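Undergrad: One structure, pasted below without further comment.
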Amino acid sequence: MRVPLQISPGLVSDETTYSTPGNWADGENVRFRLGRAESIGGWEAYFASALSGVCRSMVAWIDNLSQTNIAFGTHSGLYVIKSGVLYDITPVGLGSGEIDTITYPSGYGGGGYGMGAYSVGQSEAQARVWSLALYGQSLVASPSEGSVYLWGNDPLVPAAIITDAPSSCSRVVVTPERQILAFGVTKVDGTYNPMGIRASDIEDPSNWTPATDNNSFETAVEGGGFIVDCQLLGSFLLIWTDNALFLGQFVDSDSQSYRFDKVASGCGLIGPQAAIVVNQTAYWMTPDLRFFAFQYGGIPTEIPCPISREFRENVDLDQSAKIVASSIGKFSEVWWFYPDSRDGNENSRYVSLNVGDQALPWSKGPIARTAFIDSGPLAYPLGVDEAGQTYLHEKGNEADGVALSWFVESSSQYLGEGERRTLLRGVWPDFEAQQGDVSLTVKVRAYPQGTGASKGPFTLPVGREKRDFMAEGRMVALRFSASAAPTFARIGKPSFDVELLGER
């Protein structure tokens, strides 16, 4: 008889393979679009020269002359590609920051990135992460625990310090009212408040001193801990601490232009770049490695992650400041690149979520990117690796000219009646837009914990109508894979030639 392959979208690897029939149990470098699995797109080099230092932050925009600008914040400096030329716009006198987060024992000295009082408990030297925002066609930039700088879009003039701004802050944002807000700041009196907020005057980045004739202000959000990040959600601000989420709303008061209200506790942010806003919805990762979503008017909602076990067991929490959230709008996806302890200190793998699919299918893979931004104004998403090489993603079907590897494997399931042995005699492939050979491996066993056997891999070339083979067992798992340049396949509904045998 002819049995079609019916598998739900998304990877489910946190359960036993037998307890999740009808699911994909494992995979790498695949996505789930419109309910079907397909290999991700490839990437190719964008800029010939490597950036200096490890890049952790990027922003792209079109200036008033219709020129494309891409700013890069690395551990050692600040750079911009303008009209295809790379310029060093590092502020004069700014030295290199840390490549890795380093934890020191008690008594080392000043507390690190919002980490409590001076010389109490452990202290940290955080890996340098830049906060980048746009003020018109100009760039506002602040390295973690550093000052606030402004670059006026002249590639021959480096970014300059805003002298009246806080001498130290963790993050900055530019509001729709053209007001710069700094978070986790040195206050006007010179003391540091990890929950503090300071704001410039509206339309005046150089004035940060509160007075009756301007909109500058200084305040703090309630509770303990420290502010991790702030992002725009339409006309609102979302402020994450290590434990809570706050909402900022413009009120145009004489004393303070924004008010800040706590939305919820127990849903803080793991790192300064681990949150992303997509289509008026915020997505983020918490310090206890859960995933949340929030829309204005609602409450933070946890998103179940059925592939979290491998991620939780291997993410390098000491380097969590490096985690980068981004989006790939073309496929309605949110990605988190993270440092995996099996690979070293830098981001080496990702987990991704299709937020446009009601099933919220998850995927994963081994792609090393220390910074990543979606398309717009560039035609493709842009990523940077540890060596400073830049790549346009979802362009072509190769890994910068070499083989791109992917696979997806189903859970074990019965293709026939559970009490009878099944003989698989072949497959009728169903691939859309296939490029390169696809391999099929068939894994069979008699019982859930019985000894299994693998048959194949069997090659499925482009246009192959049927591939005959022989594999026998009660339970079957199917693995589709490829490693080629180019390679692509969207898996439709392959059918298998199945014969039911006697009981055994």
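To be explicit about the labels: the chains of the structure tokens are called A, B, and onward in the order shown, and within each one the residues are counted from 1, while ligands get numbers from 1 in the order they are shown.
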Tell me, which residues of region 290-341 of chain A carry DSSP helix (DSSP H, G or I), written as number ranges by chain?

TA: A: 308-314, 317-322, 329-331

Undergrad: Print the selection's residues with N, CA and C atoms to a file, as a tab-separated table (two decimals), in the first residue's frame.

TA:
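Saved the output as out-v3.tsv:
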chain	number	residue	atom	x	y	z
A	308	SER	N	14.23	22.87	23.90
A	308	SER	CA	15.04	23.65	24.84
A	308	SER	C	16.07	22.82	25.59
A	309	ARG	N	15.91	21.49	25.65
A	309	ARG	CA	16.82	20.70	26.49
A	309	ARG	C	18.27	20.83	26.03
A	310	GLU	N	18.52	20.60	24.76
A	310	GLU	CA	19.89	20.71	24.26
A	310	GLU	C	20.43	22.12	24.44
A	311	PHE	N	19.58	23.10	24.17
A	311	PHE	CA	19.98	24.49	24.34
A	311	PHE	C	20.32	24.80	25.79
A	312	ARG	N	19.46	24.41	26.72
A	312	ARG	CA	19.67	24.69	28.14
A	312	ARG	C	20.93	24.01	28.67
A	313	GLU	N	21.19	22.80	28.21
A	313	GLU	CA	22.33	22.03	28.73
A	313	GLU	C	23.66	22.56	28.23
A	314	ASN	N	23.65	23.33	27.14
A	314	ASN	CA	24.92	23.69	26.52
A	314	ASN	C	25.18	25.18	26.35
A	317	LEU	N	26.28	30.29	29.96
A	317	LEU	CA	25.64	31.39	30.68
A	317	LEU	C	26.63	32.47	31.09
A	318	ASP	N	27.90	32.12	31.24
A	318	ASP	CA	28.90	33.14	31.59
A	318	ASP	C	29.05	34.17	30.47
A	319	GLN	N	28.68	33.80	29.25
A	319	GLN	CA	28.81	34.70	28.10
A	319	GLN	C	27.44	35.12	27.56
A	320	SER	N	26.44	35.15	28.44
A	320	SER	CA	25.07	35.42	27.99
A	320	SER	C	24.90	36.83	27.44
A	321	ALA	N	25.80	37.75	27.77
A	321	ALA	CA	25.70	39.10	27.22
A	321	ALA	C	25.88	39.11	25.70
A	322	LYS	N	26.41	38.03	25.15
A	322	LYS	CA	26.65	37.96	23.71
A	322	LYS	C	25.44	37.47	22.91
A	329	GLY	N	12.31	38.76	8.48
A	329	GLY	CA	10.94	39.11	8.20
A	329	GLY	C	10.34	38.36	7.03
A	330	LYS	N	11.15	38.03	6.05
A	330	LYS	CA	10.65	37.33	4.86
A	330	LYS	C	9.95	36.04	5.23
A	331	PHE	N	10.42	35.40	6.32
A	331	PHE	CA	9.84	34.12	6.73
A	331	PHE	C	9.14	34.21	8.09

Undergrad: Excluding Gly73 (chain A) and residues on its chain fewer than 2 positions from it, collect all residues at most 7 Å away from it, counting only C-alpha atoms, and give them as a PyMOL selection string.

TA: chain A and resi 55-58+71+75+77-79+130

Undergrad: Using N, CA and C atoms, can you write the selected residues to a file as a compact mmCIF listing (two decimals), in the first residue's frame?

TA:
# COMPACT_ATOMS: atom_id res chain seq x y z
N CYS A 55 32.52 41.87 16.34
CA CYS A 55 31.33 42.71 16.22
C CYS A 55 30.18 42.11 17.03
N ARG A 56 29.50 42.98 17.78
CA ARG A 56 28.35 42.51 18.57
C ARG A 56 27.08 43.34 18.32
N SER A 57 27.20 44.45 17.60
CA SER A 57 26.04 45.33 17.42
C SER A 57 26.09 45.94 16.02
N MET A 58 24.91 46.07 15.40
CA MET A 58 24.81 46.66 14.06
C MET A 58 23.52 47.46 13.94
N ALA A 71 26.43 50.69 10.54
CA ALA A 71 27.36 50.91 11.65
C ALA A 71 27.59 49.59 12.39
N HIS A 75 34.32 44.98 19.79
CA HIS A 75 34.91 45.12 21.12
C HIS A 75 36.03 46.15 21.13
N GLY A 77 36.19 48.91 18.65
CA GLY A 77 35.95 50.19 18.02
C GLY A 77 34.58 50.30 17.41
N LEU A 78 34.38 51.41 16.68
CA LEU A 78 33.11 51.73 16.03
C LEU A 78 33.41 52.02 14.56
N TYR A 79 32.67 51.38 13.66
CA TYR A 79 32.96 51.47 12.23
C TYR A 79 31.66 51.67 11.46
N TRP A 130 27.70 47.25 22.16
CA TRP A 130 27.31 48.63 21.87
C TRP A 130 25.80 48.77 21.82

Undergrad: Tell me which of A:Glu409, A:Asp63, A:Glu465, A:Asp430 sits closest to Pro4 (chain A), counting only C-alpha atoms.

TA: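 That would be A:Asp430, the residue with the smallest distance to Pro4 (chain A).
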
Undergrad: Contacts of Ile373 (chain A) at 12 Å or less, counting only C-alpha atoms, minus same-chain residues fewer than 5 places along, as a CSV table (one decimal) with C-alpha atoms, in the first residue's frame?

TA:
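Written out: part_34.csv:
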chain,number,residue,atom,x,y,z
A,56,ARG,CA,28.3,42.5,18.6
A,57,SER,CA,26.0,45.3,17.4
A,58,MET,CA,24.8,46.7,14.1
A,59,VAL,CA,22.3,49.1,12.6
A,60,ALA,CA,21.6,50.1,9.0
A,61,TRP,CA,19.9,53.2,7.6
A,70,ILE,CA,25.8,50.3,8.2
A,71,ALA,CA,27.4,50.9,11.7
A,72,PHE,CA,29.2,48.2,13.5
A,273,GLN,CA,20.6,42.1,22.8
A,276,ILE,CA,13.6,41.9,19.4
A,324,VAL,CA,21.8,38.2,19.9
A,325,ALA,CA,18.1,38.2,18.9
A,326,SER,CA,17.1,39.2,15.4
A,327,SER,CA,14.4,38.6,12.8
A,328,ILE,CA,14.1,37.3,9.3
A,329,GLY,CA,10.9,39.1,8.2
A,334,VAL,CA,12.8,35.3,15.2
A,335,TRP,CA,16.4,33.9,15.7
A,336,TRP,CA,18.6,33.8,18.8
A,337,PHE,CA,22.3,33.3,18.2
A,378,LEU,CA,19.7,46.1,2.6
A,379,ALA,CA,17.9,43.6,0.4
A,380,TYR,CA,19.0,40.7,2.6
A,381,PRO,CA,19.7,40.1,6.3
A,382,LEU,CA,23.3,40.8,7.3
A,383,GLY,CA,25.4,38.7,9.8
A,384,VAL,CA,28.9,39.0,11.1
A,390,THR,CA,30.1,40.1,6.9
A,391,TYR,CA,27.6,37.9,5.1
A,392,LEU,CA,24.3,38.5,3.3
A,393,HIS,CA,21.9,35.7,4.4

Undergrad: Counting only C-alpha atoms, what is within 7 Å of region 160-177 of chain A, bar same-chain residues fewer than 4 positions away, as a ChimeraX atom specification?

TA: /A:91,131,133-135,142,144-151,181-187,202,206-208,229-231,235

Undergrad: I'd like to know which of A:Met195, A:Thr459, A:Ser83, A:Leu269 is closest to Asn153 (chain A), using only C-alpha atoms.

TA: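 Smallest separation from Asn153 (chain A) among the options: A:Ser83.
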
Undergrad: Go through region 420-504 of chain A and flag each residue having an atom no more than 7 Å from region 32-50 of chain A; for those, report the closest pair of atoms plus their distance in Å to one decimal, using only C-alpha atoms, ordered by chain and rising number, as a Markdown table.

TA:
| residue | atom | partner | partner_atom | distance |
| --- | --- | --- | --- | --- |
| A:Phe488 | CA | A:Ser39 | CA | 5.7 |
| A:Ala489 | CA | A:Glu38 | CA | 5.6 |
| A:Arg490 | CA | A:Glu38 | CA | 4.1 |
| A:Ile491 | CA | A:Ala37 | CA | 5.6 |
| A:Gly492 | CA | A:Arg36 | CA | 6.5 |

Undergrad: List every residue of region 299-442 of chain A that DSSP, applied to the backbone of this structure, places in strand (DSSP E or B), and write the result as an NGL selection string.

TA: :A and (301-302 or 315 or 324-328 or 333-340 or 347-354 or 362-365 or 371-373 or 382-384 or 390-393 or 399 or 402 or 404-410 or 413-414 or 422-428 or 431-435 or 438-442)

Undergrad: So that I have them on file, write out the residues from the current selection with C-alpha atoms, as a tab-separated table (two decimals), in the first residue's frame.

TA:
chain	number	residue	atom	x	y	z
A	301	THR	CA	3.25	35.23	27.71
A	302	GLU	CA	5.70	32.35	27.79
A	315	VAL	CA	24.41	27.47	26.43
A	324	VAL	CA	21.75	38.21	19.86
A	325	ALA	CA	18.09	38.22	18.89
A	326	SER	CA	17.13	39.18	15.35
A	327	SER	CA	14.42	38.58	12.82
A	328	ILE	CA	14.10	37.34	9.27
A	333	GLU	CA	11.04	34.23	12.02
A	334	VAL	CA	12.83	35.29	15.20
A	335	TRP	CA	16.35	33.92	15.73
A	336	TRP	CA	18.56	33.80	18.81
A	337	PHE	CA	22.28	33.28	18.22
A	338	TYR	CA	24.01	32.04	21.38
A	339	PRO	CA	27.39	30.83	22.67
A	340	ASP	CA	27.41	27.04	23.01
A	347	ASN	CA	28.02	32.61	19.38
A	348	SER	CA	28.11	29.40	17.41
A	349	ARG	CA	24.50	28.16	17.15
A	350	TYR	CA	20.95	29.42	16.92
A	351	VAL	CA	17.39	28.56	17.81
A	352	SER	CA	14.60	30.09	15.75
A	353	LEU	CA	10.83	30.46	15.95
A	354	ASN	CA	8.32	31.01	13.16
A	362	TRP	CA	10.93	25.88	16.34
A	363	SER	CA	14.16	25.13	14.49
A	364	LYS	CA	17.89	25.19	15.26
A	365	GLY	CA	21.29	24.97	13.64
A	371	ALA	CA	25.81	40.15	15.24
A	372	PHE	CA	22.80	39.98	12.93
A	373	ILE	CA	20.19	42.37	11.51
A	382	LEU	CA	23.26	40.76	7.34
A	383	GLY	CA	25.35	38.72	9.76
A	384	VAL	CA	28.91	38.96	11.07
A	390	THR	CA	30.11	40.09	6.89
A	391	TYR	CA	27.56	37.91	5.08
A	392	LEU	CA	24.27	38.49	3.29
A	393	HIS	CA	21.87	35.74	4.38
A	399	ALA	CA	27.50	28.65	2.40
A	402	VAL	CA	30.95	25.90	-0.24
A	404	LEU	CA	25.56	24.06	2.91
A	405	SER	CA	24.52	21.18	5.17
A	406	TRP	CA	21.03	20.47	6.51
A	407	PHE	CA	18.95	17.59	7.79
A	408	VAL	CA	15.56	16.85	9.32
A	409	GLU	CA	14.60	13.59	11.01
A	410	SER	CA	11.20	12.32	12.07
A	413	GLN	CA	6.33	5.91	14.28
A	414	TYR	CA	4.26	3.09	12.89
A	422	THR	CA	6.32	-3.38	8.10
A	423	LEU	CA	8.35	-3.81	4.94
A	424	LEU	CA	9.29	-0.57	3.20
A	425	ARG	CA	10.02	-1.19	-0.46
A	426	GLY	CA	10.62	2.33	-1.71
A	427	VAL	CA	9.67	5.98	-1.72
A	428	TRP	CA	8.00	8.35	-4.15
A	431	PHE	CA	10.24	17.91	-3.22
A	432	GLU	CA	9.61	21.43	-4.42
A	433	ALA	CA	12.38	23.51	-6.03
A	434	GLN	CA	14.95	20.79	-5.30
A	435	GLN	CA	18.59	21.67	-5.95
A	438	VAL	CA	18.82	14.67	-1.18
A	439	SER	CA	19.70	11.63	0.92
A	440	LEU	CA	17.14	9.48	2.71
A	441	THR	CA	18.13	7.32	5.67
A	442	VAL	CA	15.58	4.89	7.08

Undergrad: Identify which of the residues A:Arg474, A:Lys82, A:Lys466, A:Lys395 lies closest to Pro155 (chain A), counting only C-alpha atoms when measuring atom-to-atom distances.

TA: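 Among A:Arg474, A:Lys82, A:Lys466, A:Lys395, it is A:Lys82 that comes nearest to Pro155 (chain A).
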
Undergrad: What's around region 253-264 of chain A at 8 Å? Count only C-alpha atoms, leave out sequence neighbours fewer than 3 positions away in its own chain, and write the answer as a CSV table (one decimal) with C-alpha atoms, in the first residue's frame.

TA:
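Produced file part_22.csv, reproduced below:
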chain,number,residue,atom,x,y,z
A,212,THR,CA,12.3,74.3,34.3
A,214,ASN,CA,13.7,71.9,29.2
A,215,ASN,CA,12.5,68.3,29.0
A,216,SER,CA,15.6,66.7,30.5
A,217,PHE,CA,14.9,64.5,33.5
A,218,GLU,CA,16.3,61.9,35.8
A,221,VAL,CA,12.3,52.3,37.8
A,222,GLU,CA,11.2,50.6,40.9
A,244,ALA,CA,10.9,42.5,35.2
A,245,LEU,CA,9.4,44.3,32.2
A,246,PHE,CA,8.4,48.0,32.4
A,247,LEU,CA,6.4,50.1,29.9
A,248,GLY,CA,7.4,53.7,29.2
A,249,GLN,CA,4.7,56.1,27.9
A,250,PHE,CA,5.2,59.7,26.7
A,267,CYS,CA,10.2,37.8,33.0
A,299,ILE,CA,0.7,40.5,29.6
A,300,PRO,CA,4.0,38.7,28.9

Undergrad: Have a look at A:Ser454, A:Asn64, A:Thr281, A:Gln449 and name the one nearest to Gly152 (chain A); count only C-alpha atoms.

TA: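 Smallest distance to Gly152 (chain A) is found for A:Asn64.
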
Undergrad: Counting only C-alpha atoms, which residue out of A:Ile307, A:Ala274, A:Ile99, A:Met1 sits closest to Glu346 (chain A)?

TA: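 Ranking A:Ile307, A:Ala274, A:Ile99, A:Met1 by distance to Glu346 (chain A), first place goes to A:Ile99.
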
Undergrad: Out of A:Pro158, A:Pro287, A:Pro306, A:Gly224, which residue has the shortest atom-to-atom distance to Ile270 (chain A) when counting only C-alpha atoms?

TA: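 Looking at the shortest contact to Ile270 (chain A), the residue is A:Pro287.
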